[in-house]
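Reproduced below: run02.txt, with compact mmCIF, C-alpha atoms.
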# COMPACT_ATOMS: atom_id res chain seq x y z
CA MET A 1 130.87 92.93 162.12
CA TRP A 2 131.60 93.31 158.41
CA ASN A 3 130.80 90.40 156.15
CA ASN A 4 133.31 90.59 153.29
CA SER A 5 133.14 86.94 152.21
CA PRO A 6 133.74 86.14 148.53
CA ALA A 7 130.29 84.54 148.30
CA ARG A 8 128.65 87.78 149.47
CA GLY A 9 130.64 89.78 146.92
CA LEU A 10 129.61 87.36 144.16
CA ARG A 11 125.95 87.66 145.17
CA GLN A 12 126.19 91.45 145.13
CA ARG A 13 127.79 91.49 141.66
CA SER A 14 125.17 89.03 140.41
CA ALA A 15 122.37 91.18 141.83
CA ARG A 16 123.85 94.32 140.22
CA GLN A 17 124.05 92.51 136.89
CA ARG A 18 120.43 91.38 137.13
CA HIS A 19 119.23 94.90 137.85
CA ASN A 20 121.62 96.68 135.48
CA PRO A 21 119.40 98.23 132.77
CA LEU A 22 122.38 98.45 130.39
CA LEU A 23 123.01 94.70 130.57
CA ARG A 24 121.28 93.08 127.63
CA ARG A 25 119.48 89.76 127.77
CA SER A 26 122.16 88.25 125.51
CA ASP A 27 124.85 89.45 127.94
CA ARG A 28 123.06 87.76 130.84
CA ILE A 29 122.77 84.54 128.84
CA GLU A 30 126.49 84.65 128.00
CA ASN A 31 127.36 85.26 131.66
CA MET A 32 125.23 82.27 132.70
CA LEU A 33 126.86 80.08 130.05
CA THR A 34 130.33 81.14 131.21
CA LEU A 35 129.42 80.30 134.81
CA ALA A 36 128.01 76.94 133.69
CA VAL A 37 131.26 76.03 131.91
CA VAL A 38 133.33 76.97 134.98
CA VAL A 39 131.05 74.97 137.29
CA LEU A 40 131.20 72.00 134.89
CA ALA A 41 135.01 72.14 134.87
CA PHE A 42 135.08 71.77 138.66
CA ALA A 43 132.23 69.26 138.76
CA MET A 44 134.00 67.02 136.23
CA LEU A 45 137.13 66.67 138.39
CA PRO A 46 135.65 64.03 140.76
CA LEU A 47 134.20 62.11 137.81
CA ALA A 48 137.54 62.16 135.97
CA ILE A 49 139.29 60.94 139.13
CA LEU A 50 136.71 58.15 139.48
CA VAL A 51 137.19 57.08 135.86
CA GLY A 52 140.96 57.09 136.33
CA ALA A 53 140.74 55.08 139.57
CA ARG A 54 138.47 52.46 138.02
CA THR A 55 140.73 52.21 134.98
CA ILE A 56 143.74 51.69 137.24
CA ASP A 57 141.89 48.95 139.14
CA SER A 58 140.87 47.12 135.97
CA GLN A 59 144.33 47.46 134.41
CA LEU A 60 146.04 46.25 137.60
CA THR A 61 143.70 43.23 137.65
CA LEU A 62 144.57 42.54 134.01
CA ALA A 63 148.29 42.91 134.77
CA GLU A 64 148.02 40.44 137.66
CA LYS A 65 146.18 37.96 135.44
CA GLN A 66 148.79 38.31 132.72
CA VAL A 67 151.64 37.78 135.18
CA ALA A 68 149.88 34.65 136.46
CA ASP A 69 149.10 33.25 132.98
CA TYR A 70 152.07 34.29 130.85
CA ARG A 71 155.37 32.42 130.78
CA THR A 72 158.71 32.93 129.12
CA VAL A 73 160.08 30.22 126.88
CA SER A 74 163.20 29.97 124.74
CA ALA A 75 162.57 30.19 121.00
CA THR A 76 165.06 29.46 118.24
CA THR A 77 165.12 31.60 115.11
CA LEU A 78 164.84 29.65 111.88
CA ALA A 79 166.21 32.35 109.56
CA ASP A 80 168.10 35.62 109.65
CA SER A 81 166.15 38.65 110.79
CA THR A 82 164.34 40.69 108.18
CA GLY A 83 162.63 44.04 108.17
CA VAL A 84 163.47 47.72 108.15
CA SER A 85 165.38 48.73 111.23
CA VAL A 86 164.39 51.99 112.87
CA THR A 87 167.03 54.09 114.59
CA SER A 88 166.82 57.24 116.68
CA ASP A 89 169.33 59.98 117.42
CA VAL A 90 169.69 58.78 120.99
CA ALA A 91 170.31 55.07 120.52
CA PRO A 92 169.59 52.42 117.93
CA SER A 93 166.16 50.94 118.47
CA GLY A 94 165.88 48.79 115.38
CA VAL A 95 163.18 46.17 115.39
CA ASP A 96 163.24 43.27 112.96
CA THR A 97 161.37 40.00 112.85
CA ALA A 98 162.43 36.43 112.25
CA PRO A 99 160.57 33.11 112.00
CA ALA A 100 161.10 31.05 115.15
CA LYS A 101 160.01 27.84 116.83
CA TRP A 102 159.59 26.81 120.45
CA THR A 103 158.34 23.80 122.36
CA TRP A 104 155.12 23.87 124.35
CA GLY A 105 154.35 20.57 126.01
CA ASN A 106 154.60 17.94 123.28
CA GLU A 107 154.04 20.46 120.50
CA THR A 108 156.34 22.66 118.46
CA ARG A 109 154.96 26.15 117.85
CA HIS A 110 155.99 28.54 115.05
CA ALA A 111 155.59 32.32 114.72
CA ASP A 112 157.47 35.42 113.67
CA ILE A 113 159.10 37.01 116.71
CA THR A 114 160.64 40.42 117.26
CA VAL A 115 164.44 40.37 117.29
CA ASP A 116 167.31 42.79 117.11
CA PRO A 117 168.58 43.76 113.65
CA ALA A 118 171.05 41.37 112.04
CA THR A 119 170.05 38.46 114.28
CA PRO A 120 171.33 35.27 112.63
CA SER A 121 169.45 32.03 112.22
CA GLY A 122 169.69 29.67 115.18
CA THR A 123 169.71 32.43 117.82
CA LYS A 124 168.00 31.65 121.12
CA GLU A 125 165.48 34.33 122.17
CA ASP A 126 163.29 34.51 125.27
CA ILE A 127 159.67 35.15 124.32
CA TRP A 128 156.39 35.50 126.22
CA VAL A 129 153.60 32.98 125.61
CA ASN A 130 150.09 32.82 127.04
CA ALA A 131 148.43 29.94 128.87
CA ASP A 132 147.88 28.16 125.55
CA GLY A 133 151.53 28.46 124.56
CA ASN A 134 150.85 31.05 121.85
CA LEU A 135 153.11 34.05 121.31
CA THR A 136 151.98 37.14 123.21
CA THR A 137 153.30 40.44 124.50
CA GLU A 138 155.09 41.05 127.78
CA PRO A 139 152.70 41.32 130.75
CA MET A 140 151.59 44.84 131.61
CA SER A 141 153.52 46.38 134.46
CA PRO A 142 151.77 48.05 137.45
CA SER A 143 153.30 51.39 136.47
CA ALA A 144 151.87 51.08 132.95
CA ALA A 145 148.45 50.29 134.47
CA ARG A 146 148.62 53.46 136.59
CA VAL A 147 149.68 55.56 133.62
CA ALA A 148 146.72 54.17 131.65
CA GLY A 149 144.39 55.19 134.49
CA VAL A 150 145.77 58.73 134.64
CA ILE A 151 145.44 59.08 130.87
CA ALA A 152 141.84 57.79 130.97
CA GLY A 153 140.89 60.28 133.68
CA MET A 154 142.53 63.21 131.89
CA PHE A 155 140.98 62.20 128.56
CA THR A 156 137.52 62.07 130.15
CA TRP A 157 137.89 65.58 131.62
CA PHE A 158 139.32 67.10 128.45
CA ALA A 159 136.73 65.42 126.20
CA VAL A 160 133.79 66.73 128.22
CA MET A 161 135.34 70.19 128.50
CA MET A 162 136.04 70.36 124.75
CA ILE A 163 132.40 69.53 124.05
CA ALA A 164 131.24 72.12 126.60
CA LEU A 165 133.59 74.80 125.24
CA SER A 166 132.51 74.07 121.67
CA GLY A 167 128.88 74.48 122.69
CA PHE A 168 129.73 77.70 124.54
CA LEU A 169 131.56 79.16 121.53
CA ILE A 170 128.69 78.25 119.20
CA CYS A 171 126.18 79.90 121.55
CA ARG A 172 128.37 82.99 121.93
CA ALA A 173 128.70 83.31 118.15
CA SER A 174 124.91 83.13 117.87
CA LEU A 175 124.53 85.75 120.61
CA ASN A 176 127.06 88.00 118.85
CA ARG A 177 125.08 87.75 115.62
CA GLY A 178 121.94 88.71 117.51
CA ARG A 179 123.70 91.65 119.16
CA ASP A 180 125.06 92.87 115.83
CA ALA A 181 121.61 92.63 114.27
CA GLN A 182 120.12 94.55 117.20
CA TRP A 183 122.76 97.26 116.82
CA ASP A 184 121.93 97.54 113.11
CA ARG A 185 118.20 97.82 113.86
CA ASP A 186 118.76 100.42 116.57
CA LEU A 187 121.08 102.44 114.32
CA ARG A 188 118.64 102.39 111.42
CA GLN A 189 115.81 103.36 113.75
CA PHE A 190 117.88 106.26 115.10
CA LEU A 191 118.87 107.47 111.64
CA ASP A 192 115.28 107.22 110.40
CA SER A 193 113.91 109.02 113.45
CA THR A 194 112.58 112.54 112.86
CA THR A 195 113.38 113.60 116.42
CA ARG A 196 117.13 112.99 116.25
CA HIS A 197 119.39 116.03 116.85

Encoding of this model in structure tokens:
Amino acid sequence: MWNNSPARGLRQRSARQRHNPLLRRSDRIENMLTLAVVVLAFAMLPLAILVGARTIDSQLTLAEKQVADYRTVSATTLADSTGVSVTSDVAPSGVDTAPAKWTWGNETRHADITVDPATPSGTKEDIWVNADGNLTTEPMSPSAARVAGVIAGMFTWFAVMMIALSGFLICRASLNRGRDAQWDRDLRQFLDSTTRH
């Protein structure tokens, strides 16, 4: 029965390369480096997935804590909005700020809050505050936590592969310099030889 498995074919090609007298040492080193980069690319996939999964878990835990701790309160602007509004071609997305106050327990808190452009003084705005009643951002959503995990996993894989590829390219450039120098030496030796025809 014929054994035509890909692994057998790879072993045969590798054996031919090892015993090929025309294959230089630098060529064998470059082939091994290429194989190492390919193996690293596949080996990094489980690690990148693990990093992404752990990031998702930690971000989901943070999101749950924020949802449990954060509250919305009604704040009142104390002055007209100020700032440079930013607009896009799709829809206006201007963001201005205005000083505002809100009540937390027996205390009155003050801070600059984000409002729509041209918001007049005295406007009621819902804001997010933390467990201490201080202004904070909106709690992270589960979808944002998952996106953060995917980005972390992809960044890990790409960062390691960029380092590996940079090392490979540096090594290949060094090997190319060595090959060029060897060609120059061989050519000079041939031209200086008295037995050349």

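One distance worth recording is that between CA of Leu45 (chain A) and CA of Glu64 (chain A), which is 28.4 Å.
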
Practice problem: Find, counting all atoms listed in the file, the residue in A:Ala43, A:Ile56, A:Ala36, A:Pro99 that gets nearest to Gly149 (chain A). | Solution: A:Ile56

Quiz prompt | Between CA of Arg179 (chain A) and CA of Met32 (chain A), distance in Å (one decimal) | solution = 16.5 Å

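Straight-line separation from CA of Gln182 (chain A) to CA of Arg24 (chain A): 10.6 Å.
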
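Within 8 Å of the point (162.9, 34.4, 123.3) in file coordinates, and counting all atoms listed in the file, lie the residues Thr72, Val73, Ser74, Ala75, Thr76, Lys124, Glu125, Asp126, Ile127 and Trp128 of chain A.
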
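Counting only C-alpha atoms and comparing A:Ala173, A:Val160, A:Asp180, A:Pro139, the residue that lies closest to Phe42 (chain A) is A:Val160.
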
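Nearest to Gln66 (chain A) of all the residues A:Met154, A:Asp192, A:Ala131, A:Ile170 is A:Ala131, counting only C-alpha atoms.
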